[in-house]
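> Compact mmCIF, C-alpha atoms and all ligand atoms, saved as final-v7.txt, coming up:
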# COMPACT_ATOMS: atom_id res chain seq x y z
CA MET T 254 -15.15 -25.38 18.23
CA GLU T 255 -17.38 -23.62 15.72
CA ARG T 256 -15.63 -20.85 13.76
CA ALA T 257 -18.32 -18.39 14.84
CA ALA T 258 -17.62 -19.14 18.49
CA LEU T 259 -13.90 -18.74 17.93
CA LEU T 260 -14.44 -15.43 16.22
CA GLY T 261 -16.60 -14.31 19.10
CA MET T 262 -13.82 -15.16 21.52
CA ALA T 263 -11.36 -13.36 19.31
CA GLY T 264 -13.15 -10.13 20.06
CA LEU T 265 -15.76 -9.64 17.40
CA LEU T 266 -18.28 -8.44 19.97
CA PRO T 267 -16.93 -4.88 19.96
CA ARG T 268 -17.78 -4.83 16.24
CA MET T 269 -21.32 -4.14 17.38
CA VAL T 270 -20.24 -0.78 18.78
CA SER T 271 -20.92 2.07 16.38
CA ALA T 272 -17.86 3.72 14.89
CA ARG T 273 -19.75 6.96 15.23
CA LYS T 274 -18.89 6.89 18.91
CA ALA T 275 -15.37 7.75 17.81
CA VAL T 276 -13.75 4.93 19.71
CA SER T 277 -12.32 1.66 18.51
CA TYR T 278 -11.40 -1.55 20.28
CA HIS T 279 -8.13 -3.31 19.66
CA GLN T 280 -6.71 -6.08 21.78
CA ASN T 281 -9.16 -5.22 24.54
CA GLN T 282 -8.16 -1.59 24.62
CA ILE T 283 -10.26 1.40 23.71
CA HIS T 284 -8.64 3.66 21.15
CA ALA T 285 -9.71 7.04 19.96
CA LEU T 286 -10.24 7.67 16.28
CA PRO T 287 -8.71 8.76 13.92
CA VAL T 288 -6.31 5.96 13.00
CA VAL T 289 -3.78 5.89 10.16
CA ILE T 290 -1.83 2.81 9.07
CA SER T 291 0.68 2.53 6.26
CA THR T 292 3.33 0.24 4.85
CA TRP T 293 7.02 0.28 5.67
CA ARG T 294 9.25 2.75 7.44
CA HIS T 295 8.34 5.59 5.10
CA GLY T 296 4.87 5.23 6.64
CA ILE T 297 6.05 7.11 9.72
CA PRO T 298 6.38 10.59 8.15
CA SER T 299 3.47 9.80 5.84
CA ASN T 300 1.20 9.05 8.80
CA VAL T 301 2.22 12.35 10.39
CA ALA T 302 1.13 14.25 7.29
CA ALA T 303 -2.17 12.33 7.12
CA MET T 304 -2.90 12.76 10.82
CA LYS T 305 -2.25 16.48 10.57
CA VAL T 306 -5.05 16.75 8.00
CA LEU T 307 -7.42 14.67 10.14
CA GLU T 308 -6.68 16.57 13.32
CA LYS T 309 -7.51 19.83 11.58
CA GLY T 310 -10.86 18.32 10.58
CA GLY T 311 -9.83 17.78 6.93
CA SER T 312 -11.37 15.04 4.81
CA VAL T 313 -10.15 11.47 5.03
CA LEU T 314 -9.39 11.57 1.28
CA ASP T 315 -7.21 14.65 1.74
CA ALA T 316 -5.49 12.82 4.59
CA VAL T 317 -4.44 9.78 2.56
CA GLU T 318 -3.49 11.90 -0.44
CA GLN T 319 -1.32 14.24 1.64
CA GLY T 320 0.11 11.27 3.53
CA VAL T 321 1.41 9.36 0.54
CA ARG T 322 2.64 12.51 -1.19
CA VAL T 323 5.46 12.54 1.38
CA PRO T 324 7.42 9.58 -0.01
CA GLU T 325 6.34 10.48 -3.57
CA GLY T 326 8.19 13.78 -3.23
CA ASP T 327 11.24 12.35 -1.45
CA PRO T 328 14.12 11.79 -3.89
CA ALA T 329 15.87 9.58 -1.32
CA ASN T 330 13.02 7.06 -1.52
CA HIS T 331 13.75 4.68 -4.36
CA SER T 332 10.42 2.92 -4.58
CA VAL T 333 7.88 5.73 -4.79
CA GLY T 334 7.58 8.80 -7.03
CA LEU T 335 10.59 11.08 -7.58
CA GLY T 336 13.84 9.13 -7.30
CA GLY T 337 12.14 5.76 -7.83
CA PHE T 338 14.26 3.10 -9.47
CA PRO T 339 13.53 2.90 -13.20
CA ASP T 340 12.50 -0.04 -15.31
CA ARG T 341 15.19 -1.99 -17.13
CA ASP T 342 15.14 0.55 -19.98
CA GLY T 343 15.76 3.49 -17.63
CA HIS T 344 12.20 4.85 -17.41
CA VAL T 345 10.67 5.67 -14.02
CA THR T 346 7.06 4.55 -14.45
CA LEU T 347 4.58 5.12 -11.66
CA ASP T 348 1.41 3.38 -10.47
CA ALA T 349 -1.07 4.84 -7.94
CA SER T 350 -4.63 4.41 -6.72
CA ILE T 351 -7.00 6.10 -4.32
CA MET T 352 -10.38 5.10 -2.93
CA GLY T 353 -12.81 7.08 -0.82
CA PRO T 354 -15.59 6.37 1.66
CA ASP T 355 -18.22 6.86 -1.05
CA GLY T 356 -16.81 3.86 -2.95
CA ASN T 357 -15.36 6.06 -5.63
CA ALA T 358 -11.95 5.09 -6.99
CA GLY T 359 -9.28 6.47 -9.29
CA SER T 360 -5.93 5.27 -10.51
CA VAL T 361 -3.08 5.82 -12.90
CA CYS T 362 -0.55 3.34 -14.16
CA PHE T 363 2.59 3.35 -16.29
CA LEU T 364 2.74 7.12 -15.79
CA GLU T 365 6.01 8.91 -16.41
CA GLY T 366 7.22 12.39 -15.49
CA ILE T 367 4.80 13.34 -12.71
CA VAL T 368 6.04 13.54 -9.10
CA HIS T 369 2.62 12.99 -7.48
CA PRO T 370 0.70 10.26 -9.32
CA ILE T 371 -1.66 9.94 -6.35
CA SER T 372 -2.99 13.43 -7.04
CA VAL T 373 -3.49 12.54 -10.70
CA ALA T 374 -5.36 9.39 -9.59
CA ARG T 375 -7.60 11.55 -7.43
CA LYS T 376 -8.35 13.82 -10.39
CA VAL T 377 -9.21 10.76 -12.51
CA MET T 378 -11.62 9.76 -9.74
CA GLU T 379 -13.20 13.15 -9.25
CA GLU T 380 -13.08 14.76 -12.67
CA THR T 381 -13.62 11.95 -15.16
CA PRO T 382 -16.19 9.18 -15.61
CA HIS T 383 -13.31 6.64 -15.55
CA VAL T 384 -11.38 4.75 -12.91
CA MET T 385 -7.98 4.24 -14.54
CA LEU T 386 -5.78 6.09 -17.01
CA SER T 387 -2.50 4.68 -18.26
CA GLY T 388 0.77 5.72 -19.85
CA ASP T 389 0.79 8.64 -22.23
CA GLY T 390 -2.95 9.18 -21.82
CA ALA T 391 -2.48 9.58 -18.08
CA LEU T 392 0.40 11.99 -18.68
CA GLN T 393 -1.61 14.11 -21.13
CA PHE T 394 -4.47 14.21 -18.64
CA ALA T 395 -2.10 15.28 -15.84
CA LEU T 396 -0.59 18.04 -17.97
CA GLN T 397 -4.06 19.30 -18.89
CA LYS T 398 -4.87 19.44 -15.19
CA GLY T 399 -1.82 21.62 -14.51
CA PHE T 400 0.70 19.05 -13.26
CA LYS T 401 4.28 19.84 -14.25
CA LYS T 402 6.46 17.39 -16.16
CA THR T 403 9.61 16.50 -14.19
CA ASP T 404 12.53 14.17 -14.80
CA LEU T 405 12.01 11.56 -12.08
CA LEU T 406 15.28 9.71 -12.64
CA THR T 407 17.64 11.14 -10.02
CA PRO T 408 21.43 10.71 -10.39
CA ALA T 409 21.45 8.17 -7.52
CA ALA T 410 18.70 6.03 -9.10
CA LYS T 411 20.38 6.29 -12.51
CA GLN T 412 23.65 5.06 -11.03
CA LYS T 413 21.92 2.05 -9.44
CA TRP T 414 20.23 1.24 -12.74
CA GLN T 415 23.52 1.45 -14.63
CA GLN T 416 25.13 -0.91 -12.11
CA TRP T 417 22.21 -3.31 -12.48
CA ARG T 418 22.37 -3.11 -16.27
CA GLN T 419 25.97 -4.23 -16.25
CA LYS T 420 24.85 -7.51 -14.71
CA HIS T 421 21.93 -7.94 -17.19
CA LYS T 422 19.78 -9.86 -14.79
CA TYR T 423 16.13 -9.77 -13.91
CA HIS T 424 15.84 -11.08 -10.39
CA PRO T 425 13.30 -9.35 -8.19
CA GLU T 426 14.55 -9.10 -4.63
CA ILE T 427 12.53 -9.33 -1.44
CA ASN T 428 12.57 -6.92 1.48
CA TRP T 429 14.91 -4.34 0.05
CA GLU T 430 14.05 -2.03 2.90
CA ASN T 431 16.30 -4.09 5.13
CA LYS T 432 19.33 -2.95 3.20
CA PRO T 433 21.05 -0.15 5.05
CA ASN T 434 20.30 3.43 4.03
CA GLU T 435 17.68 2.51 1.49
CA TYR T 436 13.98 3.09 1.87
CA HIS T 437 11.99 0.87 -0.40
CA ASP T 438 8.64 -0.46 -1.44
CA THR T 439 5.17 0.79 -2.13
CA ILE T 440 3.37 3.03 0.28
CA GLY T 441 -0.15 1.79 0.95
CA MET T 442 -2.16 3.77 3.49
CA LEU T 443 -5.56 3.40 5.14
CA ALA T 444 -7.08 6.15 7.29
CA LEU T 445 -10.19 6.19 9.45
CA ASP T 446 -11.41 9.62 10.50
CA LYS T 447 -13.15 10.56 13.71
CA ASN T 448 -16.54 9.81 12.16
CA GLY T 449 -15.43 6.30 11.24
CA ASP T 450 -15.15 7.02 7.51
CA MET T 451 -12.32 5.34 5.61
CA ALA T 452 -10.14 6.16 2.62
CA GLY T 453 -7.04 4.51 1.19
CA ALA T 454 -4.17 5.36 -1.13
CA CYS T 455 -1.39 3.35 -2.70
CA THR T 456 1.53 4.62 -4.80
CA THR T 457 4.76 3.16 -6.14
CA SER T 458 7.41 3.16 -8.81
CA GLY T 459 6.85 -0.58 -8.81
CA LEU T 460 9.38 -3.28 -9.09
CA ALA T 461 12.84 -1.88 -9.83
CA PHE T 462 14.25 -2.79 -13.24
CA LYS T 463 10.95 -4.34 -14.33
CA LEU T 464 10.15 -4.89 -18.01
CA HIS T 465 9.11 -1.66 -19.73
CA GLY T 466 5.32 -1.51 -19.62
CA ARG T 467 4.93 -3.70 -16.55
CA VAL T 468 2.15 -2.60 -14.21
CA GLY T 469 1.86 -3.98 -10.69
CA ASP T 470 -0.90 -4.42 -8.16
CA SER T 471 -0.83 -0.91 -6.70
CA PRO T 472 -3.07 0.84 -9.27
CA ILE T 473 -5.46 -2.11 -9.62
CA ILE T 474 -8.54 -1.50 -7.49
CA GLY T 475 -9.08 -4.66 -5.47
CA ALA T 476 -5.48 -5.84 -5.80
CA GLY T 477 -3.20 -3.18 -4.25
CA LEU T 478 -6.00 -1.27 -2.55
CA TYR T 479 -9.61 -1.68 -1.60
CA VAL T 480 -11.92 0.27 0.69
CA ASP T 481 -15.52 -0.53 1.51
CA ASN T 482 -16.76 2.05 3.96
CA ALA T 483 -19.28 -0.43 5.36
CA VAL T 484 -16.56 -2.92 6.29
CA GLY T 485 -13.01 -1.55 6.17
CA GLY T 486 -10.14 -1.72 3.76
CA ALA T 487 -6.83 -3.28 2.83
CA THR T 488 -3.65 -2.49 0.96
CA SER T 489 -0.64 -4.47 -0.15
CA THR T 490 3.05 -4.28 -0.90
CA GLY T 491 5.58 -6.66 -2.35
CA MET T 492 5.50 -8.73 -5.50
CA GLY T 493 2.42 -7.35 -7.21
CA GLU T 494 1.95 -10.33 -9.50
CA LEU T 495 1.09 -12.55 -6.53
CA VAL T 496 -1.38 -10.00 -5.21
CA MET T 497 -3.01 -9.54 -8.62
CA LYS T 498 -3.46 -13.28 -9.13
CA THR T 499 -5.33 -13.51 -5.82
CA VAL T 500 -7.08 -10.08 -5.92
CA GLY T 501 -5.57 -9.57 -2.49
CA SER T 502 -6.99 -6.35 -1.05
CA PHE T 503 -10.52 -7.17 -2.15
CA LEU T 504 -10.12 -10.63 -0.68
CA VAL T 505 -8.97 -9.22 2.67
CA THR T 506 -11.90 -6.79 2.75
CA GLU T 507 -14.43 -9.47 1.85
CA LEU T 508 -13.05 -11.76 4.54
CA MET T 509 -13.60 -8.96 7.05
CA ARG T 510 -17.14 -8.60 5.74
CA GLN T 511 -17.64 -12.31 6.48
CA GLY T 512 -16.56 -11.73 10.08
CA ARG T 513 -12.78 -12.18 10.13
CA SER T 514 -10.77 -9.70 12.15
CA PRO T 515 -8.32 -7.62 10.08
CA GLN T 516 -5.49 -9.84 11.33
CA GLN T 517 -7.30 -13.06 10.43
CA ALA T 518 -8.20 -11.65 7.02
CA CYS T 519 -4.59 -10.70 6.21
CA GLU T 520 -3.39 -14.14 7.30
CA GLU T 521 -5.97 -15.90 5.16
CA ALA T 522 -5.05 -13.82 2.10
CA VAL T 523 -1.37 -14.70 2.52
CA LEU T 524 -2.35 -18.36 2.92
CA ARG T 525 -4.26 -18.09 -0.36
CA ILE T 526 -1.01 -17.06 -2.06
CA VAL T 527 0.84 -19.97 -0.49
CA GLU T 528 -1.83 -22.40 -1.68
CA LYS T 529 -2.36 -21.02 -5.16
CA ILE T 530 1.20 -19.95 -5.98
CA PRO T 531 3.52 -22.47 -4.32
CA ASP T 532 6.47 -21.20 -6.33
CA ASN T 533 6.83 -18.06 -4.23
CA LYS T 534 10.23 -18.54 -2.66
CA ASN T 535 11.84 -15.40 -4.07
CA PHE T 536 8.96 -13.12 -3.27
CA GLN T 537 7.52 -11.03 -0.52
CA VAL T 538 3.93 -9.83 -0.09
CA GLY T 539 2.65 -7.82 2.84
CA TYR T 540 -0.95 -6.91 3.66
CA LEU T 541 -2.34 -4.25 5.94
CA ALA T 542 -6.01 -4.10 6.88
CA MET T 543 -8.24 -1.98 9.06
CA ASN T 544 -11.91 -2.40 9.87
CA LYS T 545 -14.53 0.21 10.63
CA GLN T 546 -13.79 0.04 14.33
CA GLY T 547 -10.15 0.90 13.77
CA GLU T 548 -8.88 -2.62 14.53
CA THR T 549 -5.85 -3.33 12.39
CA GLY T 550 -4.09 -6.35 10.93
CA ALA T 551 -0.75 -6.94 9.23
CA TYR T 552 0.77 -10.10 7.83
CA SER T 553 3.34 -11.01 5.24
CA LEU T 554 4.55 -13.97 3.26
CA ARG T 555 8.13 -13.63 4.48
CA LYS T 556 9.87 -12.04 7.41
CA GLY T 557 10.83 -8.39 7.26
CA PHE T 558 7.60 -6.51 6.55
CA ASN T 559 7.04 -3.56 8.82
CA TYR T 560 4.42 -0.86 8.97
CA ALA T 561 3.56 2.40 10.70
CA LEU T 562 0.50 2.65 12.92
CA TYR T 563 -0.62 6.04 14.21
CA ARG T 564 -3.28 5.89 16.86
CA ASP T 565 -3.81 7.28 20.36
CA LYS T 566 -1.29 10.06 19.63
CA GLN T 567 1.45 7.48 19.01
CA ASN T 568 3.02 6.82 15.63
CA ARG T 569 4.90 3.54 15.85
CA LEU T 570 6.87 1.32 13.51
CA LEU T 571 5.78 -2.29 14.04
CA ASP T 572 6.96 -5.62 12.67
CA ALA T 573 4.33 -7.77 10.97
CA ARG T 574 4.19 -11.47 11.64
CA SER T 575 4.81 -13.67 8.61
CA TYR T 576 3.89 -17.06 7.16
CA TYR T 577 7.50 -18.11 6.61
CA THR T 578 10.00 -17.30 9.32
CA PHE T 579 12.72 -16.48 6.81
N1 LIG U 1 3.66 -3.97 -5.09
C1 LIG U 1 4.55 -3.20 -5.91
C2 LIG U 1 4.51 -3.72 -7.32
O1 LIG U 1 4.44 -4.93 -7.53
C3 LIG U 1 5.97 -3.19 -5.47
C4 LIG U 1 6.29 -3.08 -4.02
O2 LIG U 1 5.44 -2.98 -3.15
O3 LIG U 1 7.48 -3.09 -3.73
O4 LIG U 1 4.61 -2.93 -8.22
Step by step, read the file and then write its structure as C-alpha cells.

Amino acid sequence: MERAALLGMAGLLPRMVSARKAVSYHQNQIHALPVVISTWRHGIPSNVAAMKVLEKGGSVLDAVEQGVRVPEGDPANHSVGLGGFPDRDGHVTLDASIMGPDGNAGSVCFLEGIVHPISVARKVMEETPHVMLSGDGALQFALQKGFKKTDLLTPAAKQKWQQWRQKHKYHPEINWENKPNEYHDTIGMLALDKNGDMAGACTTSGLAFKLHGRVGDSPIIGAGLYVDNAVGGATSTGMGELVMKTVGSFLVTELMRQGRSPQQACEEAVLRIVEKIPDNKNFQVGYLAMNKQGETGAYSLRKGFNYALYRDKQNRLLDARSYYTF
C-alpha cells in the first residue's frame, strides 16, 4: 500500500483540524489543549509546574521554563542542575536550551555554578543577538544578569564521583533511572498551549563523569531540542553523541512536516541511529515528539525510557516502546 494511504489510515486526517479550536486528536480521542510532555519520572512534577502556568493563561515559554526549573533546583536529582553528577574532574557543568513559538532559540553549554541554566538560556535568547553562550562567557553573562553563583556539587554527588574515581573508568551507563532511589537523565519538555502554540526546553548536567569540556546534545538546537510552531517539536535524552550525529530533534520535526505522526517520526529517528551508528550497544537514546494537534510520540533505542504526559487533567508516567527489547 502507498505510504500516503497508510498515513491516512494512521489518522492523519485530524491534522486538517485547526489547533485554534483548542482540541487535539490522539488515538481517536478528542483531547483538550494544553498538553505538556517531558522526559523521565522527573517529568511528573515538572509537568505540574508547566501546566500551572498554562492554566493561569501564562505564556508557553514561561510554562516550559518553569517546568524544567523543578528538577534543576532539586538537589536529589543527579542529572539536572543542582546536585548533578560532575565530570571526571569534579566539575558540575550544565547544558540547556529553550525554543519558542516564534522560532527564537537560546542555549548555554559547559556552564558552571548556576542552578537554573534554562533561565540563562532564555536570557541569551531574549537579550542578546546570539543563540549560544558557553563556559566562562556564559557564566559572566549570567552574573551580569543577576544570577547568583552557587556550588552545584552536593555532598551526595561528590561522594558518588569519589567512588567512581577510585575505579578510574569511563563507561557511560544506560537507563540509570532504573536504579532504585536515583532520578536521572536530561529533562526535555514540550508544551502546547490552548491556542496551539508550542515551546520546548531541555536541561541537563550531561553524562556523569564525562571528560571535562564535553558538551552533549541538550544545548544544541536541532539535536536535543527543536520546535517549529508550524509543525511541532521534539526533544531527546540519552547518549547525546548519537543524537548529535543524527541531528535527532530536527530530524523528528522534519519527518512530522513530511506527514509522519509524532510516533512514526520518533521511530524513524531511532532507526536512523541504528543504521548509521551500529555500534550502539552500550547506549540509550529516547525521543519525545508532539505535533500541533497535540498528538504525541515516544520511542527509544533500548528498553527503559519513560516519560510524563499531562493532558485532559491527567499527568501520567508512561513507558515508551523501544527498538531493542533489552
Ligand atoms: N543527553 C544528555 C547528554 O548527552 C544526557 C542524558 O540525557 O542523560 O548530555
> Produce a table with one row for each residue of segment 391-489 of chain T that has an atom at most 9 Å from any atom of segment 301-309 of chain T, each row naming the nearest atom pair and its distance in Å at one decimal; use all atoms listed in the file; arrange rows by chain and rising residue number; format as a tab-separated table.

residue	atom	partner	partner_atom	distance
T:Ala444	CA	T:Ala303	CA	7.9
T:Leu445	CA	T:Leu307	CA	8.9
T:Asp446	CA	T:Leu307	CA	6.4
T:Lys447	CA	T:Leu307	CA	7.9
> Give as a list in words the residues surrounding ligand LIG 1 (chain U) up to a distance of 8 Å, considering only C-alpha atoms and all ligand atoms.
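If we count only C-alpha atoms and all ligand atoms, the neighbours of ligand LIG 1 (chain U) turn out to be Ser332, Asp348, His437, Asp438, Thr439, Ile440, Thr457, Ser458, Gly459, Leu460, Val468, Gly469, Asp470, Ser471, Gly477, Ser489, Thr490, Gly491, Met492, Gly493, Glu494, Val496 and Val538 of chain T.
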> When distances are computed from all atoms listed in the file, which of T:Gln416, T:Gly343, T:Ala461, T:Val480 shows the smallest separation from Asn357 of chain T?
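Selected residue with least distance to Asn357 of chain T: T:Val480.
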> Can you list, as a ChimeraX atom specification, every protein, DNA or RNA residue that comes within 6 Å of Val313 of chain T when you count all atoms listed in the file, leaving out same-chain residues fewer than 2 positions away?
/T:315-316,446,452
> Could you turn the residues from that selection into a file that holds C-alpha atoms, as a short mmCIF file (atom, residue, chain, number, x, y, z; two decimals), in the coordinates of the input?

data_model
loop_
_atom_site.label_atom_id
_atom_site.label_comp_id
_atom_site.auth_asym_id
_atom_site.auth_seq_id
_atom_site.Cartn_x
_atom_site.Cartn_y
_atom_site.Cartn_z
CA ASP T 315 -7.21 14.65 1.74
CA ALA T 316 -5.49 12.82 4.59
CA ASP T 446 -11.41 9.62 10.50
CA ALA T 452 -10.14 6.16 2.62
#
> Atom CA of Pro408 of chain T to atom CA of Gln393 of chain T: how many Å, to one decimal?
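Computing it gives 25.6 Å between the two atoms.
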> For Gly296 of chain T, work out the shell of residues within 7 Å, counting only C-alpha atoms and skipping chain neighbours fewer than 3 positions away, then give it as JSON, numbers by chain.
{"T": [291, 292, 293, 299, 300, 440, 560, 561]}
> Output file request: segment 398-411 of chain T, with C-alpha atoms, as a tab-separated table (two decimals), in the first residue's frame.

chain	number	residue	atom	x	y	z
T	398	LYS	CA	22.10	39.38	34.53
T	399	GLY	CA	21.83	38.92	38.29
T	400	PHE	CA	22.12	35.14	38.64
T	401	LYS	CA	23.91	34.03	41.80
T	402	LYS	CA	26.96	31.78	41.75
T	403	THR	CA	26.34	28.55	43.70
T	404	ASP	CA	28.38	25.44	44.36
T	405	LEU	CA	26.41	22.79	42.47
T	406	LEU	CA	28.39	19.80	43.72
T	407	THR	CA	26.34	18.44	46.62
T	408	PRO	CA	27.93	16.10	49.19
T	409	ALA	CA	25.97	13.14	47.76
T	410	ALA	CA	27.15	13.81	44.18
T	411	LYS	CA	30.71	14.37	45.39
